[in-house]
Amino acid sequence: MSIKVVKPGLATSIQDTGREGFYHLGIPPSGALDQYSMKMANLLVNNNEGDAVFECALLGPELIFECNSIVAVCGARMQPKLDGEPMPLDTAFSVKQGQTLSFNYPTAGARAYLAISGGVDVPVTLGSRSTYTLGSLGGFKGRRLEAGDTIAIGTPVKPAIEGKSVPQTLLPSLAKEVSLRMIPGMYIHRLVDAAVEQFYEDTWTVGSEADRIGYRFKDGHPMQFVKREQPFGAGSDPSNIVDACYPIGSIQIPAGKEPIVLHRDAVSGGGYATIGTVISADLDLIGQMQPNYKARFIPITMEEALDARKVVQERLIKLKSYLQT
């Protein structure tokens, strides 16, 4: 029960829901950048929603199946092909031993999730199979996939059903321009009021450096900081502070020029002021943004953030109810 990697794609890694509880030790959660699409793919093949999958970024891999299986591809519109023949997205389909699965370039979104009945069977490290490449931790040998790798597949707990699919109403948004809701804090007071207002008014463009660690946004106005004497231990950059923790989704603005939204492989703290945090309900949107996609940042309250999280949870409940009936 295994898969042979012929071509690894641009940045294909093994991810699940992530490893929680180690951020205080400097180990981030990792896990799928689009959690909803990852869970959808798993549910389509009757896996547990948190089983390990392939996360395929921008350029998908080419894989030879050394066993019969049922698979599903969700997330980015990255058309799967079986021996060159197009296969449906968001639908469970069978793959025979010896067949090759490959992908077209994405027409929308950035990351597709390939779930295989039985899940990807790599060792569990600190409670997760997710890959954290900076720490060479988890996944397959702690790294992205490479040509020649052989990846083991687990034994299905429940049989998958070929042809099961997801209705359009439950598919994720893959818009090329999005609104990212954020809670302003802890150091937004370091910006002058006019800079804060301009930050919310600007439309920002995803930079080419965007990855699992963080998304850099460009094409907005530079932001001015309130003048002060830098405290002992802080650097000379006006955005420097002595030190602070970085929640996932937090927004840095080095030199006040280009915001960086930290994501699931980011470090846990450092010396840049964070002016707010993108809410958890919108982190999946960031994970599906290609370079040159657009975004605006929308300030909301904690109560609104909790309501948004509830909406995401309810959508997942609807998805599970639909696919498990």
# chains A, B, ... in the order shown; residues from 1 in each chain; ligands from 1

call {"tool": "select_by_dssp", "arguments": {"residues": "stretch 172-316 of chain A", "states": "helix (DSSP H, G or I)", "output": "ChimeraX atom specification"}}
result
/A:188-190,193-201,254-256,280-287,302-316

call {"tool": "write_last_selection", "arguments": {"atoms": "N, CA and C atoms", "output": "mmCIF file, in the first residue's frame"}}
result
data_model
loop_
_atom_site.group_PDB
_atom_site.id
_atom_site.type_symbol
_atom_site.label_atom_id
_atom_site.label_comp_id
_atom_site.auth_asym_id
_atom_site.auth_seq_id
_atom_site.Cartn_x
_atom_site.Cartn_y
_atom_site.Cartn_z
ATOM 1 N N ILE A 188 -0.955 48.281 17.570
ATOM 2 C CA ILE A 188 -1.459 49.192 16.538
ATOM 3 C C ILE A 188 -1.347 50.634 16.992
ATOM 4 N N HIS A 189 -1.245 50.853 18.314
ATOM 5 C CA HIS A 189 -1.067 52.206 18.830
ATOM 6 C C HIS A 189 0.289 52.802 18.428
ATOM 7 N N ARG A 190 1.191 51.958 17.931
ATOM 8 C CA ARG A 190 2.492 52.451 17.492
ATOM 9 C C ARG A 190 2.387 53.196 16.154
ATOM 10 N N ASP A 193 -2.590 57.763 13.630
ATOM 11 C CA ASP A 193 -3.983 57.481 13.276
ATOM 12 C C ASP A 193 -4.200 57.449 11.770
ATOM 13 N N ALA A 194 -3.564 58.367 11.049
ATOM 14 C CA ALA A 194 -3.752 58.417 9.597
ATOM 15 C C ALA A 194 -3.229 57.153 8.925
ATOM 16 N N ALA A 195 -2.148 56.581 9.465
ATOM 17 C CA ALA A 195 -1.587 55.350 8.898
ATOM 18 C C ALA A 195 -2.536 54.177 9.109
ATOM 19 N N VAL A 196 -3.181 54.128 10.270
ATOM 20 C CA VAL A 196 -4.150 53.062 10.544
ATOM 21 C C VAL A 196 -5.313 53.139 9.561
ATOM 22 N N GLU A 197 -5.844 54.343 9.370
ATOM 23 C CA GLU A 197 -6.965 54.527 8.446
ATOM 24 C C GLU A 197 -6.568 54.130 7.023
ATOM 25 N N GLN A 198 -5.362 54.527 6.600
ATOM 26 C CA GLN A 198 -4.902 54.204 5.252
ATOM 27 C C GLN A 198 -4.695 52.706 5.076
ATOM 28 N N PHE A 199 -4.199 52.041 6.122
ATOM 29 C CA PHE A 199 -3.991 50.590 6.070
ATOM 30 C C PHE A 199 -5.302 49.879 5.749
ATOM 31 N N TYR A 200 -6.397 50.315 6.369
ATOM 32 C CA TYR A 200 -7.692 49.675 6.120
ATOM 33 C C TYR A 200 -8.258 50.051 4.753
ATOM 34 N N GLU A 201 -7.916 51.226 4.244
ATOM 35 C CA GLU A 201 -8.456 51.668 2.961
ATOM 36 C C GLU A 201 -7.731 51.039 1.773
ATOM 37 N N PRO A 254 7.279 45.283 8.967
ATOM 38 C CA PRO A 254 8.677 45.733 9.046
ATOM 39 C C PRO A 254 8.889 47.041 8.294
ATOM 40 N N ALA A 255 9.480 48.010 8.980
ATOM 41 C CA ALA A 255 9.756 49.346 8.428
ATOM 42 C C ALA A 255 8.483 50.076 8.015
ATOM 43 N N GLY A 256 7.309 49.536 8.351
ATOM 44 C CA GLY A 256 6.057 50.184 8.005
ATOM 45 C C GLY A 256 5.703 50.108 6.537
ATOM 46 N N SER A 280 -9.266 33.443 12.808
ATOM 47 C CA SER A 280 -9.095 32.047 12.389
ATOM 48 C C SER A 280 -10.034 31.673 11.247
ATOM 49 N N ALA A 281 -11.232 32.273 11.215
ATOM 50 C CA ALA A 281 -12.214 31.946 10.174
ATOM 51 C C ALA A 281 -11.741 32.332 8.785
ATOM 52 N N ASP A 282 -10.758 33.248 8.688
ATOM 53 C CA ASP A 282 -10.302 33.719 7.379
ATOM 54 C C ASP A 282 -8.910 33.207 7.006
ATOM 55 N N LEU A 283 -8.297 32.392 7.861
ATOM 56 C CA LEU A 283 -6.958 31.887 7.542
ATOM 57 C C LEU A 283 -6.976 30.969 6.324
ATOM 58 N N ASP A 284 -8.057 30.206 6.142
ATOM 59 C CA ASP A 284 -8.158 29.352 4.955
ATOM 60 C C ASP A 284 -8.110 30.181 3.678
ATOM 61 N N LEU A 285 -8.724 31.379 3.707
ATOM 62 C CA LEU A 285 -8.722 32.252 2.534
ATOM 63 C C LEU A 285 -7.298 32.616 2.139
ATOM 64 N N ILE A 286 -6.460 32.900 3.138
ATOM 65 C CA ILE A 286 -5.073 33.269 2.850
ATOM 66 C C ILE A 286 -4.339 32.093 2.208
ATOM 67 N N GLY A 287 -4.555 30.901 2.732
ATOM 68 C CA GLY A 287 -3.886 29.725 2.202
ATOM 69 C C GLY A 287 -4.195 29.441 0.742
ATOM 70 N N MET A 302 -13.978 41.254 18.841
ATOM 71 C CA MET A 302 -13.858 39.871 19.279
ATOM 72 C C MET A 302 -15.180 39.129 19.150
ATOM 73 N N GLU A 303 -16.277 39.797 19.468
ATOM 74 C CA GLU A 303 -17.595 39.159 19.361
ATOM 75 C C GLU A 303 -17.895 38.772 17.921
ATOM 76 N N GLU A 304 -17.546 39.647 16.983
ATOM 77 C CA GLU A 304 -17.761 39.336 15.568
ATOM 78 C C GLU A 304 -16.860 38.189 15.112
ATOM 79 N N ALA A 305 -15.647 38.132 15.656
ATOM 80 C CA ALA A 305 -14.730 37.041 15.316
ATOM 81 C C ALA A 305 -15.280 35.700 15.803
ATOM 82 N N LEU A 306 -15.840 35.685 16.996
ATOM 83 C CA LEU A 306 -16.414 34.449 17.532
ATOM 84 C C LEU A 306 -17.633 34.020 16.725
ATOM 85 N N ASP A 307 -18.432 34.993 16.274
ATOM 86 C CA ASP A 307 -19.578 34.668 15.415
ATOM 87 C C ASP A 307 -19.108 34.070 14.095
ATOM 88 N N ALA A 308 -18.013 34.622 13.536
ATOM 89 C CA ALA A 308 -17.471 34.102 12.279
ATOM 90 C C ALA A 308 -16.957 32.680 12.453
ATOM 91 N N ARG A 309 -16.322 32.425 13.579
ATOM 92 C CA ARG A 309 -15.837 31.067 13.847
ATOM 93 C C ARG A 309 -17.008 30.091 13.950
ATOM 94 N N LYS A 310 -18.094 30.531 14.536
ATOM 95 C CA LYS A 310 -19.279 29.674 14.651
ATOM 96 C C LYS A 310 -19.838 29.341 13.268
ATOM 97 N N VAL A 311 -19.824 30.309 12.360
ATOM 98 C CA VAL A 311 -20.301 30.064 10.994
ATOM 99 C C VAL A 311 -19.453 28.990 10.315
ATOM 100 N N VAL A 312 -18.126 29.062 10.498
ATOM 101 C CA VAL A 312 -17.223 28.055 9.921
ATOM 102 C C VAL A 312 -17.516 26.684 10.503
ATOM 103 N N GLN A 313 -17.713 26.614 11.803
ATOM 104 C CA GLN A 313 -18.016 25.338 12.448
ATOM 105 C C GLN A 313 -19.331 24.761 11.948
ATOM 106 N N GLU A 314 -20.326 25.608 11.758
ATOM 107 C CA GLU A 314 -21.627 25.141 11.279
ATOM 108 C C GLU A 314 -21.540 24.639 9.840
ATOM 109 N N ARG A 315 -20.704 25.290 9.029
ATOM 110 C CA ARG A 315 -20.533 24.831 7.644
ATOM 111 C C ARG A 315 -19.889 23.452 7.615
ATOM 112 N N LEU A 316 -18.921 23.216 8.501
ATOM 113 C CA LEU A 316 -18.280 21.901 8.564
ATOM 114 C C LEU A 316 -19.280 20.842 9.020
#

call {"tool": "residues_around", "arguments": {"residues": "A:Phe103", "least_positions_apart": "2", "cutoff": "8 Å", "atoms": "only C-alpha atoms", "output": "VMD selection string"}}
result
chain A and resid 59 to 62 78 to 81 101 105

call {"tool": "write_last_selection", "arguments": {"atoms": "C-alpha atoms", "output": "mmCIF file, in the first residue's frame"}}
result
data_model
loop_
_atom_site.group_PDB
_atom_site.id
_atom_site.type_symbol
_atom_site.label_atom_id
_atom_site.label_comp_id
_atom_site.auth_asym_id
_atom_site.auth_seq_id
_atom_site.Cartn_x
_atom_site.Cartn_y
_atom_site.Cartn_z
ATOM 1 C CA LEU A 59 2.265 22.989 -9.165
ATOM 2 C CA GLY A 60 0.990 19.521 -8.310
ATOM 3 C CA PRO A 61 2.999 16.295 -8.147
ATOM 4 C CA GLU A 62 3.046 13.276 -10.447
ATOM 5 C CA MET A 78 -6.051 22.069 -9.880
ATOM 6 C CA GLN A 79 -7.539 19.528 -12.307
ATOM 7 C CA PRO A 80 -6.440 15.961 -11.462
ATOM 8 C CA LYS A 81 -5.600 13.661 -14.370
ATOM 9 C CA LEU A 101 -2.067 10.760 -11.089
ATOM 10 C CA TYR A 105 -1.979 24.276 -13.147
#

call {"tool": "closest_atom_pairs", "arguments": {"of": "stretch 4-33 of chain A", "to": "stretch 126-137 of chain A", "cutoff": "8 Å", "atoms": "only C-alpha atoms", "output": "tab-separated table"}}
result
residue	atom	partner	partner_atom	distance
A:Ser13	CA	A:Thr131	CA	6.4
A:Ile14	CA	A:Ser130	CA	5.7
A:Gln15	CA	A:Ser130	CA	4.0
A:Asp16	CA	A:Ser130	CA	5.4
A:Thr17	CA	A:Ser130	CA	7.5
A:Gly18	CA	A:Ser130	CA	5.7
A:Arg19	CA	A:Ser128	CA	5.1
A:Glu20	CA	A:Gly127	CA	8.0
A:Ile27	CA	A:Gly135	CA	7.9
A:Pro28	CA	A:Tyr132	CA	7.9
A:Ser30	CA	A:Tyr132	CA	5.9
A:Gly31	CA	A:Ser130	CA	5.2
A:Ala32	CA	A:Ser130	CA	8.0

call {"tool": "write_last_selection", "arguments": {"atoms": "C-alpha atoms", "output": "PDB file, in the first residue's frame"}}
result
ATOM      1  CA  SER A  13       4.044  18.155   1.682  1.00  0.00           C
ATOM      2  CA  ILE A  14       2.110  15.892   4.013  1.00  0.00           C
ATOM      3  CA  GLN A  15      -0.267  17.736   6.322  1.00  0.00           C
ATOM      4  CA  ASP A  16      -3.135  17.044   8.686  1.00  0.00           C
ATOM      5  CA  THR A  17      -4.916  19.340  11.166  1.00  0.00           C
ATOM      6  CA  GLY A  18      -1.581  20.179  12.816  1.00  0.00           C
ATOM      7  CA  ARG A  19       0.161  19.712  16.151  1.00  0.00           C
ATOM      8  CA  GLU A  20      -1.145  21.821  18.992  1.00  0.00           C
ATOM      9  CA  ILE A  27       7.225  24.560  17.428  1.00  0.00           C
ATOM     10  CA  PRO A  28       4.320  25.922  15.338  1.00  0.00           C
ATOM     11  CA  SER A  30       1.856  23.428  10.871  1.00  0.00           C
ATOM     12  CA  GLY A  31      -1.022  21.500   9.271  1.00  0.00           C
ATOM     13  CA  ALA A  32      -3.066  22.315   6.167  1.00  0.00           C
TER      14      ALA A  32
END

call {"tool": "residues_around", "arguments": {"residues": "A:Ile3", "least_positions_apart": "3", "cutoff": "9 Å", "atoms": "only C-alpha atoms", "output": "PDB file with N, CA and C atoms, in the first residue's frame"}}
result
ATOM      1  N   LEU A  63       2.299  11.198  -9.465  1.00  0.00           N
ATOM      2  CA  LEU A  63       2.373  10.066  -8.543  1.00  0.00           C
ATOM      3  C   LEU A  63       1.955   8.783  -9.236  1.00  0.00           C
ATOM      4  N   ILE A  64       2.689   7.704  -8.991  1.00  0.00           N
ATOM      5  CA  ILE A  64       2.297   6.377  -9.466  1.00  0.00           C
ATOM      6  C   ILE A  64       1.755   5.580  -8.275  1.00  0.00           C
ATOM      7  N   PHE A  65       0.542   5.065  -8.419  1.00  0.00           N
ATOM      8  CA  PHE A  65      -0.077   4.283  -7.352  1.00  0.00           C
ATOM      9  C   PHE A  65       0.366   2.824  -7.471  1.00  0.00           C
ATOM     10  N   GLU A  66       0.900   2.303  -6.392  1.00  0.00           N
ATOM     11  CA  GLU A  66       1.338   0.912  -6.360  1.00  0.00           C
ATOM     12  C   GLU A  66       0.292   0.018  -5.707  1.00  0.00           C
ATOM     13  N   CYS A  67      -0.938   0.541  -5.619  1.00  0.00           N
ATOM     14  CA  CYS A  67      -2.065  -0.217  -5.063  1.00  0.00           C
ATOM     15  C   CYS A  67      -3.345   0.398  -5.589  1.00  0.00           C
ATOM     16  N   ASP A 149      10.639   9.311  -3.845  1.00  0.00           N
ATOM     17  CA  ASP A 149      10.069   8.938  -2.544  1.00  0.00           C
ATOM     18  C   ASP A 149       8.968   7.893  -2.722  1.00  0.00           C
ATOM     19  N   THR A 150       8.872   6.989  -1.766  1.00  0.00           N
ATOM     20  CA  THR A 150       7.769   6.035  -1.709  1.00  0.00           C
ATOM     21  C   THR A 150       7.008   6.287  -0.419  1.00  0.00           C
ATOM     22  N   ILE A 151       5.737   6.647  -0.544  1.00  0.00           N
ATOM     23  CA  ILE A 151       4.923   7.064   0.594  1.00  0.00           C
ATOM     24  C   ILE A 151       3.905   5.969   0.911  1.00  0.00           C
ATOM     25  N   ALA A 152       3.912   5.498   2.134  1.00  0.00           N
ATOM     26  CA  ALA A 152       2.985   4.441   2.555  1.00  0.00           C
ATOM     27  C   ALA A 152       1.576   4.994   2.757  1.00  0.00           C
ATOM     28  N   ILE A 153       0.603   4.159   2.464  1.00  0.00           N
ATOM     29  CA  ILE A 153      -0.803   4.486   2.643  1.00  0.00           C
ATOM     30  C   ILE A 153      -1.397   3.558   3.686  1.00  0.00           C
TER      31      ILE A 153
END

call {"tool": "atom_distance", "arguments": {"atom1": "atom CA of A:Leu89", "atom2": "atom CA of A:Val120"}}
result
19.3 Å

call {"tool": "select_by_dssp", "arguments": {"residues": "stretch 155-277 of chain A", "states": "strand (DSSP E or B)", "output": "ChimeraX atom specification"}}
result
/A:165,177-184,191,204-206,214-218,225,240-245,250-252,260-262,269-272,274-277

call {"tool": "residues_around", "arguments": {"residues": "A:Pro184", "least_positions_apart": "3", "cutoff": "7 Å", "atoms": "only C-alpha atoms", "output": "PyMOL selection string"}}
result
chain A and resi 188+275-277+299

call {"tool": "closest_residue", "arguments": {"among": "A:Pro88, A:Pro123, A:Pro172, A:Gly9", "to": "A:Gly142", "atoms": "only C-alpha atoms"}}
result
A:Pro123

call {"tool": "closest_residue", "arguments": {"among": "A:Ile260, A:Ala11, A:Ala112, A:Ile248", "to": "A:Pro29", "atoms": "only C-alpha atoms"}}
result
A:Ile248

call {"tool": "atom_distance", "arguments": {"atom1": "atom CA of A:Thr12", "atom2": "atom CA of A:Cys56"}}
result
4.6 Å

call {"tool": "closest_residue", "arguments": {"among": "A:Ser268, A:Val95, A:Asp83, A:Gly163", "to": "A:Leu25", "atoms": "only C-alpha atoms"}}
result
A:Ser268

call {"tool": "closest_residue", "arguments": {"among": "A:Met38, A:Leu44, A:Ala110, A:Val5", "to": "A:Lys158", "atoms": "only C-alpha atoms"}}
result
A:Leu44

call {"tool": "residues_around", "arguments": {"residues": "A:Tyr293", "least_positions_apart": "3", "cutoff": "12 Å", "atoms": "only C-alpha atoms", "output": "PyMOL selection string"}}
result
chain A and resi 108-110+174-179+203-208+210+215-219+285-290+296

call {"tool": "write_last_selection", "arguments": {"atoms": "N, CA and C atoms", "output": "compact mmCIF listing (two decimals), in the first residue's frame"}}
result
# COMPACT_ATOMS: atom_id res chain seq x y z
N ALA A 108 -7.75 28.61 -10.14
CA ALA A 108 -8.17 29.43 -8.99
C ALA A 108 -7.66 28.75 -7.73
N GLY A 109 -7.28 29.56 -6.76
CA GLY A 109 -6.73 29.01 -5.52
C GLY A 109 -5.27 28.64 -5.68
N ALA A 110 -4.65 28.29 -4.54
CA ALA A 110 -3.21 28.01 -4.53
C ALA A 110 -2.87 26.60 -4.08
N LEU A 174 -12.81 30.75 -3.52
CA LEU A 174 -11.47 30.85 -4.12
C LEU A 174 -11.35 32.16 -4.90
N ALA A 175 -11.91 33.22 -4.34
CA ALA A 175 -11.92 34.52 -5.00
C ALA A 175 -10.50 35.08 -5.12
N LYS A 176 -10.29 35.86 -6.17
CA LYS A 176 -8.98 36.47 -6.40
C LYS A 176 -8.83 37.80 -5.67
N GLU A 177 -9.90 38.28 -5.06
CA GLU A 177 -9.84 39.46 -4.19
C GLU A 177 -10.72 39.18 -2.99
N VAL A 178 -10.16 39.27 -1.79
CA VAL A 178 -10.88 38.88 -0.58
C VAL A 178 -10.77 39.98 0.48
N SER A 179 -11.69 39.91 1.43
CA SER A 179 -11.62 40.74 2.63
C SER A 179 -11.15 39.87 3.78
N THR A 203 -5.93 48.54 -0.90
CA THR A 203 -6.04 47.18 -1.42
C THR A 203 -4.62 46.65 -1.60
N TRP A 204 -4.33 45.53 -0.95
CA TRP A 204 -2.98 44.99 -0.91
C TRP A 204 -2.86 43.81 -1.87
N THR A 205 -1.65 43.60 -2.39
CA THR A 205 -1.38 42.54 -3.36
C THR A 205 -0.44 41.51 -2.76
N VAL A 206 -0.78 40.22 -2.90
CA VAL A 206 0.07 39.15 -2.39
C VAL A 206 1.40 39.13 -3.15
N GLY A 207 2.51 39.13 -2.40
CA GLY A 207 3.83 39.09 -3.01
C GLY A 207 4.24 37.68 -3.39
N SER A 208 5.28 37.58 -4.19
CA SER A 208 5.76 36.28 -4.65
C SER A 208 6.39 35.47 -3.53
N ALA A 210 5.09 34.72 -0.71
CA ALA A 210 4.07 34.08 0.12
C ALA A 210 4.32 32.58 0.24
N TYR A 215 2.58 35.40 4.58
CA TYR A 215 2.17 36.03 3.34
C TYR A 215 2.53 37.51 3.39
N ARG A 216 3.38 37.93 2.45
CA ARG A 216 3.75 39.34 2.35
C ARG A 216 2.80 40.05 1.38
N PHE A 217 2.33 41.23 1.78
CA PHE A 217 1.41 42.01 0.95
C PHE A 217 2.08 43.32 0.53
N LYS A 218 1.87 43.69 -0.75
CA LYS A 218 2.53 44.85 -1.33
C LYS A 218 1.50 45.82 -1.91
N ASP A 219 2.03 46.94 -2.43
CA ASP A 219 1.26 47.93 -3.20
C ASP A 219 0.35 48.81 -2.36
N LEU A 285 -8.72 31.38 3.71
CA LEU A 285 -8.72 32.25 2.53
C LEU A 285 -7.30 32.62 2.14
N ILE A 286 -6.46 32.90 3.14
CA ILE A 286 -5.07 33.27 2.85
C ILE A 286 -4.34 32.09 2.21
N GLY A 287 -4.56 30.90 2.73
CA GLY A 287 -3.89 29.73 2.20
C GLY A 287 -4.20 29.44 0.74
N GLN A 288 -5.30 30.01 0.24
CA GLN A 288 -5.68 29.79 -1.17
C GLN A 288 -5.36 31.00 -2.06
N MET A 289 -4.58 31.93 -1.55
CA MET A 289 -4.23 33.11 -2.34
C MET A 289 -2.92 32.89 -3.10
N GLN A 290 -2.97 33.09 -4.40
CA GLN A 290 -1.77 33.05 -5.23
C GLN A 290 -1.10 34.42 -5.20
N ARG A 296 -8.13 43.20 1.23
CA ARG A 296 -8.27 44.34 2.11
C ARG A 296 -8.43 43.81 3.53

call {"tool": "closest_residue", "arguments": {"among": "A:Val242, A:Val226, A:Val157, A:Ala115", "to": "A:Gly75", "atoms": "only C-alpha atoms"}}
result
A:Ala115
